[in-house]
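**Q** The structure that follows is given in the form of structure tokens.
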Amino acid sequence: MRPEWADWEKICLRVHGLLDTTTTYDLWSIFKSHGEVVSVELFKKRNGERQGNGRVIFSPPPTRHFWDNFMTVDIQGHSLKIRVDLQKEQTPQKIEASNGRSYPLSLSVAMEALQFGVLSRENEMMPLRTIQKDKRHGFSLIAELRPKRLEIAFACGIQDPRRKDPSIQHSSSIGRLEHTQEYKAQIPFANLKKIVFIDIDEGSWALLIPLLTPPAFYVKHDYAGSHSANKNTWNARDAWDRTVDITYDTSWFKNDPASLPRTNQFIDIGRWTTYRLVFSKSVLPDWEKMKTALRDFSINVDYTTSKELPTVPAQVSNFWDKLEPHKSGNSGSNSNLSLLANTEHIHLPYDVRYQLEVCVSQGFLNEVDITAEFLQRLADLSKGRTQRRDRAKDLLMYISQPRIGSRVEDREKLDEKRIYDPMSLFEDKKAMSHYPEISIPEHCLWVRKVMVTPTTMHLSSPAPEPSNRVLRQYAIYEDRFIRVQFTDELTRGRIFPAPGNSQDNAVFNRIHRTLQNGIRIGGRHFQYLASGNSQFRENGAYFFCPTDFLTCDNIRNWMGNVNHIRIVAKYAARLGQCFSTTRIPKSSPIGQTIVHIEDIEHNGWCFTDGVGKIAPSRAKFLVQNLHMNKVIKDIPSAFQFRLGGSKGILVQWPEVPFNDVHLRPSQNKFTSISKGLEIIKTSRFSVATLNRQTIIILSSLGVSDTVFEERMKKQVADYNAAMDDPQVAMRLLSKYVDQNGVTTTIAQMISDGFMETKEPFFMTILQVWRAWSMRLLREKARIVVDQSAFVFGCADETRTLRGYSESIEPSKKKDPDSLPQIFLQVPKAGIKPGEKSEYTVITGICMIGRNPSLHPGDIRVVQAVDVPALRHLRDVVVFPSVGDRDIPSMCSGGDLDGDDYFVVWDPELIPTEWNYPPMEQDVIQPKELKRDVKVTDLISFFVQYMKNDALSTIAHAHLAKCDALFDGPQDPQCIELARLHSNAVDYPKTGREAHLKPSLRPKIYPHFMEKKSKQTYHSNKILGRLYDQVAKVDFRPKLDGDFDPRILRRYAMKEETLKTIRMIKRQHDKGMKQIMNLHDIETEFEAWSTLTLSKPRVGSEYRRQETMEPVMTNHRERFREACVKLAGSRDPEVLYPVVAATYLVTWEEVQIAQKKREGGNRKQELTADEMPLISFPWIFEYELGRIAISKDEFELGEIPKATMALLGDDAGNDDDEFERLVGAGVVEGDSNDESHSFMELETSSTKTTQTTKATEDGSTTQEEIVELEEDEETSMDVLAKLGD
């Protein structure tokens, strides 16, 4: 009689009487002979020790009843009598689709064959490798409905390529590694555009799955080797490791540089991303079940026949060999793109080659379509290149120009952006007349970026980026630098750390090989140079292609003398200082005097760690010569800087002698040839915000939860009201000043009447601000605090402020005289846009801290006092320089080299528990070598950091534990996690990773953390209640509003001016789309405001707004300068008509787009790609406001009619327009070309006495309150001004 359990999906056997030392491998070894063991678990006690019991799961169930109540087994040489019990059947789990239908968690269909290849035409596949079914191994398509992904399981035996090609030379014996290996590819549903069902014949059918980027591939290894003695659980999934190659022997190319063409690939999984799965008609019933489920999970399935979507024979491409005959391939190896010998070499200049590889890597072109004729045409086009133009490169730039969304006519295509006939481009008027980018600000450089993924590379077109010390020094070699970032496949995002796990080792080995061997692009071999410190945390590095006279070692030696440093992490960090994004002011005619002064130290603590001093006159000179495109109302009190090997901040002090800069030992990290003072940023005021970490700490220190809930409720109501009430919006925007000052700009726009006229761009920006604020309220509990500041910290050089005393015990007594003191002077609240800021000194009890704060002692209670000798300091918090310990080091281990601190003086947010003991930080001895640091050490540390960095894992564990444990952040487990977090923060400096013990890992997470793949519970504590108060806010820009008639009617525009403005707008929009693509931003409104709603593919959200500020500042400056050059003057009478023209041409494009929609009888809104960008005129948001509120008479009696053709239809005249831009100085011309204002060329009526020479800072003279100095001033003039 067949037992009941034989029909179950799986059985679970409970095992009792095991040794405490029993491992999962021991249990698996005992039971594996009886069936398919898929899971083993060893139970543990509360203290983490194993309790001698466990369970084993079989799926499917074994074929016979092999177990008895008691079994005698051998474990680790001991004969044991164990008890084995069959557990009750578990109800098969189901998953529900959005329409309510339920399905099994997994559905599968058996395959007969699997083909890897590419689309050679729109409806034509070229298989490049076919794998037939192996009856001994899994060969199927599986729909995993819980994780929402498809899985293609297959097996293949890879023959030694030397059997077919004896010319391949390798020392290993032939056939030594030949065996059959099991693989699987995992494709998330979100990455599936569609699946195509192909009816082949009476006996077979196929599915075509075209992907734009590769999925993740896995290879199956021996079960025995997948167990770990330290782990209490094992799953069959543990035997599957990531793979980055399907090849005979990976060691054959372990020394090769990374490149787009990959040699020795049996299947090129990075490039062959179209899959054809062949099935027998006998499995159609299984497919019908899967198809129904896939459609319920929003996967489109189309139907066609093999005649309509045929396969074509594989063609050998000689594309790479034509370009580089002696360097492609590998000794005649049978690579995925077997290259023909003895072909004629076609030379393309590097920048053309690079751009061609951009097109190939991004999928616009494919090797199978690129012919020798196409390459020769590019070479011929390039022969006529000039200094300002290479038509071959311009053509390829046209192909790869950034896009947003998709066109309606492309949506049904299998690959929307692919060009199948590259030769047709030479007949395309727009492609052939595409012109180069307009000039960029002098402090920016064109930077090429390369994303290296596990299986391929993605190259980006050169983009303007703010420069750093190294790029400035070697600017003539700018095309020999590339910025490299290591990510997982594009659809997966960042590479997650995997400490103690070997399953992703192939990915990390790929990174190590790339760093070690370099990258080959465009015929150049780029080598690892170094990483900037923020770049390092985002898994990035700079590479450089050496010349005969300049190597990577030369550049590193120039950067500074760091040879005395034997700690690899510190060595890397010191080199990273040179890659900080900085601006260097114009040289002072009288130079500067560097004075070395001592640090203030006591009890082993440094009270001036990272802070120096600067003379007010020198500070003024810096501001006047930094080319900052900002309204500068006051000289900043502090400057974050780099100077040679020194770093930190410089603070104005009146007693510092004229032109002096005072540096301390704590600021000097190494010696360097570079002596220029470089500025990263200046002190500025913004309000502080609470977050989840600070809220749970304040709650544990006595702040009432009601305070947080009331503030959250009020802010939600205010944000909603602000959408309709200008007064509420103005109040919030003026009060809640963000770190980039965007809210102040938006408030100014309200003051200029754009909310009253419901100007579409402004109204959308207002929606972005609300959506951004609400998202942060929901996801981060980011509550803005009215009575607060978020500012740099610095030291009290007068030694007036009372310091911290260790003799004061933690107490709830309120004795202000026992508190350490601070000084803080910030702008008065309620200052309206355009009004001069008035400052006020804060006095009274405050709480102060630094993000992130995880330990209760990280937040300090202090007393703010007024000290007349410190009143020259604004927008900084001044800490005492006396006492038993410095305050910054108690605030999450902070210092004064540029750290921001939040200060709150709201009485309701002051903790009732004062002087909680600061965290006792571990004294970690950094890893130190007994020899000089080598480049190989830097590379190894780079990869080790990527693999072992546990910072975010520890932070998430801390948050979950704080919510779950009764004492919250004061629980010993949370204290331990806070200590580990501090160690993880220091990992890039010490080289010592922080290990998260299994006992500290949460088993369950609160619902507000949104851990969809983890077990969760609904939290009723403060963070859970705050989360539940805020609904999700979707942002969808609606641009149906009317543009502002005050601007449209202000000036009568000349068509010639409008034509040139349209050309600049086209370039602006291209630049904006490039920024959006590079930084994973969905809309121009998020980019313009730096209030981004989408999460970055790689890196942290924490500093995203700060990171975007220089990007957008440079973008605005670049196109402001283009328009200023076009106008020929910054004088409002000359410039404002050009500014109004930018608004008019944008309005015209919107009118044309809307007519296109109406003409097509379409009721739905235009797609993102169809709707023109409208941010262009708002690079002049201040000037637009002046035009709108002007009392001058309108030159037009009514709004003009849109006269321009559809956007891009006039591109045939781009050659003429390009020459106009050159004539206006907007595009850099050839050597010795003279630039003239286009307005001057158009008319000579402009009075030269009113013309002001355009400067490089991109701002108007009306905006500058600090007066700019003229270039022709003598040294004596400068001295006289500085002495004022």
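All residue names refer to the structure tokens as shown: chains lettered A, B, ... in order, residues numbered from 1 in each chain, ligands numbered from 1 in order.
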Can you tell me, as a count of residues only, what residues are no more than 8 Å from stretch 614-623 of chain A when counting only C-alpha atoms, ignoring any on the same chain fewer than 6 positions away?

**A** 20

**Q** Using only C-alpha atoms, find each residue of stretch 151-204 of chain A with at least one atom at most 10 Å away from an atom of stretch 410-421 of chain A; report its shortest atom-to-atom pair and that distance in Å (one decimal), sort the rows by chain and rising residue number, and return the result as JSON lines.

**A**
{"residue": "A:Lys193", "atom": "CA", "partner": "A:Leu414", "partner_atom": "CA", "distance": 7.9}
{"residue": "A:Lys194", "atom": "CA", "partner": "A:Leu414", "partner_atom": "CA", "distance": 7.8}
{"residue": "A:Ile195", "atom": "CA", "partner": "A:Leu414", "partner_atom": "CA", "distance": 9.3}
{"residue": "A:Val196", "atom": "CA", "partner": "A:Leu414", "partner_atom": "CA", "distance": 9.3}

**Q** Report, in Å to a single decimal, how far apart atom CA of A:Gly883 and atom CA of A:His855 are.

**A**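 That distance, rounded to one decimal, is 21.9 Å.
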
**Q** Taking the DSSP secondary structure from the backbone, can you list the residues of stretch 1048-1146 of chain A that are alpha helix (DSSP H), as an NGL selection string?

**A** :A and (1048 or 1055-1078 or 1084-1089 or 1104-1127 or 1132-1146)

**Q** If you run DSSP on the backbone, which residues of stretch 745-828 of chain A are strand (DSSP E or B), as an mmCIF file with C-alpha atoms, in the first residue's frame?

**A**
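That gives us selection25.cif:
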data_model
loop_
_atom_site.group_PDB
_atom_site.id
_atom_site.type_symbol
_atom_site.label_atom_id
_atom_site.label_comp_id
_atom_site.auth_asym_id
_atom_site.auth_seq_id
_atom_site.Cartn_x
_atom_site.Cartn_y
_atom_site.Cartn_z
ATOM 1 C CA VAL A 784 12.151 69.011 10.001
ATOM 2 C CA SER A 788 17.516 73.894 14.680
ATOM 3 C CA ALA A 789 20.616 74.200 12.524
ATOM 4 C CA PHE A 790 22.755 71.820 10.471
ATOM 5 C CA VAL A 791 26.237 73.329 10.173
ATOM 6 C CA PHE A 792 30.000 72.773 10.207
ATOM 7 C CA GLY A 793 31.683 72.405 13.571
ATOM 8 C CA CYS A 794 34.795 74.374 14.616
ATOM 9 C CA ALA A 795 36.826 75.109 17.759
ATOM 10 C CA TYR A 804 32.964 68.791 29.219
ATOM 11 C CA SER A 811 21.466 62.500 35.824
ATOM 12 C CA GLN A 821 28.948 75.255 26.218
ATOM 13 C CA ILE A 822 28.688 76.009 22.514
ATOM 14 C CA PHE A 823 28.328 79.160 20.416
ATOM 15 C CA LEU A 824 25.919 79.298 17.468
ATOM 16 C CA GLN A 825 24.847 82.269 15.342
ATOM 17 C CA VAL A 826 22.301 81.603 12.580
ATOM 18 C CA PRO A 827 19.906 83.589 10.347
#

**Q** Which distance in Å separates atom CA of A:Leu381 and atom CA of A:Leu396, to one decimal?

**A**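 Separating atom CA of A:Leu381 from atom CA of A:Leu396 is a distance of 11.4 Å.
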
**Q** Just want the 8 Å neighbourhood of A:His345, counted on only C-alpha atoms, with same-chain residues fewer than 5 positions away dropped. Output as a ChimeraX atom specification.

**A** /A:321-325

**Q** If you count only C-alpha atoms, which residues fall within 8 Å of A:Gly857, apart from same-chain ones fewer than 6 positions away, as a PyMOL selection string?

**A** chain A and resi 890-891+915-919

**Q** I'd like the contact shell of A:Gly576 - 10 Å cut-off, only C-alpha atoms, skipping same-chain residues fewer than 4 positions apart - returned as a list in words.

**A**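 So, after excluding close chain neighbours, the residues are Ala530, Ser531, Gly532, Asn533, Ser534, Gln535, Phe536, Ala541, Met559, Lys570, Tyr571, Ala572 and Ser580 of chain A.
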
**Q** Take the residues from that selection and put them in a file with N, CA and C atoms, as a compact mmCIF listing (two decimals), in the first residue's frame.

**A**
# COMPACT_ATOMS: atom_id res chain seq x y z
N ALA A 530 43.99 55.08 -8.80
CA ALA A 530 43.65 55.25 -7.39
C ALA A 530 42.15 55.55 -7.30
N SER A 531 41.65 55.70 -6.08
CA SER A 531 40.23 56.01 -5.86
C SER A 531 40.09 57.23 -4.96
N GLY A 532 39.14 58.10 -5.30
CA GLY A 532 38.73 59.13 -4.36
C GLY A 532 38.02 58.48 -3.19
N ASN A 533 37.97 59.15 -2.04
CA ASN A 533 37.43 58.51 -0.84
C ASN A 533 35.93 58.22 -0.96
N SER A 534 35.15 59.15 -1.47
CA SER A 534 33.72 58.86 -1.67
C SER A 534 33.54 57.87 -2.81
N GLN A 535 34.39 57.97 -3.82
CA GLN A 535 34.35 57.04 -4.95
C GLN A 535 34.64 55.61 -4.47
N PHE A 536 35.60 55.47 -3.55
CA PHE A 536 35.96 54.17 -3.01
C PHE A 536 34.75 53.51 -2.35
N ALA A 541 36.84 53.76 -9.14
CA ALA A 541 38.26 54.08 -9.19
C ALA A 541 38.57 54.81 -10.48
N MET A 559 51.26 63.02 -6.71
CA MET A 559 50.17 63.31 -5.78
C MET A 559 50.68 63.57 -4.37
N LYS A 570 45.02 53.39 5.06
CA LYS A 570 45.37 54.80 5.22
C LYS A 570 46.10 55.32 3.98
N TYR A 571 46.95 54.51 3.40
CA TYR A 571 47.67 54.86 2.18
C TYR A 571 46.67 55.20 1.07
N ALA A 572 45.66 54.32 0.91
CA ALA A 572 44.63 54.55 -0.11
C ALA A 572 43.84 55.82 0.18
N SER A 580 39.31 64.64 -4.39
CA SER A 580 38.13 65.39 -3.93
C SER A 580 37.78 66.45 -4.97

**Q** Skipping near chain neighbours, those fewer than 5 positions away, what residues fall within 12 Å of A:Ile673 using only C-alpha atoms, listed as a PyMOL selection string?

**A** chain A and resi 469-470+473+555-562+578+643-646

**Q** Can you measure atom CA of A:Pro760 to atom CA of A:Leu1048 for me? One decimal in Å is fine.

**A** 13.7 Å

**Q** Rank nothing, just name the residue among A:Phe279, A:Thr243, A:Glu759, A:Ile299 nearest to A:Lys148, using only C-alpha atoms.

**A**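 So, comparing all the options, the nearest one is A:Ile299.
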
**Q** At a cut-off of 8 Å, using only C-alpha atoms, what residues contact A:Leu819? Leave out same-chain residues fewer than 5 positions from it and give the result as an MDAnalysis selection string.

**A** chainID A and resid 802:804 861:863
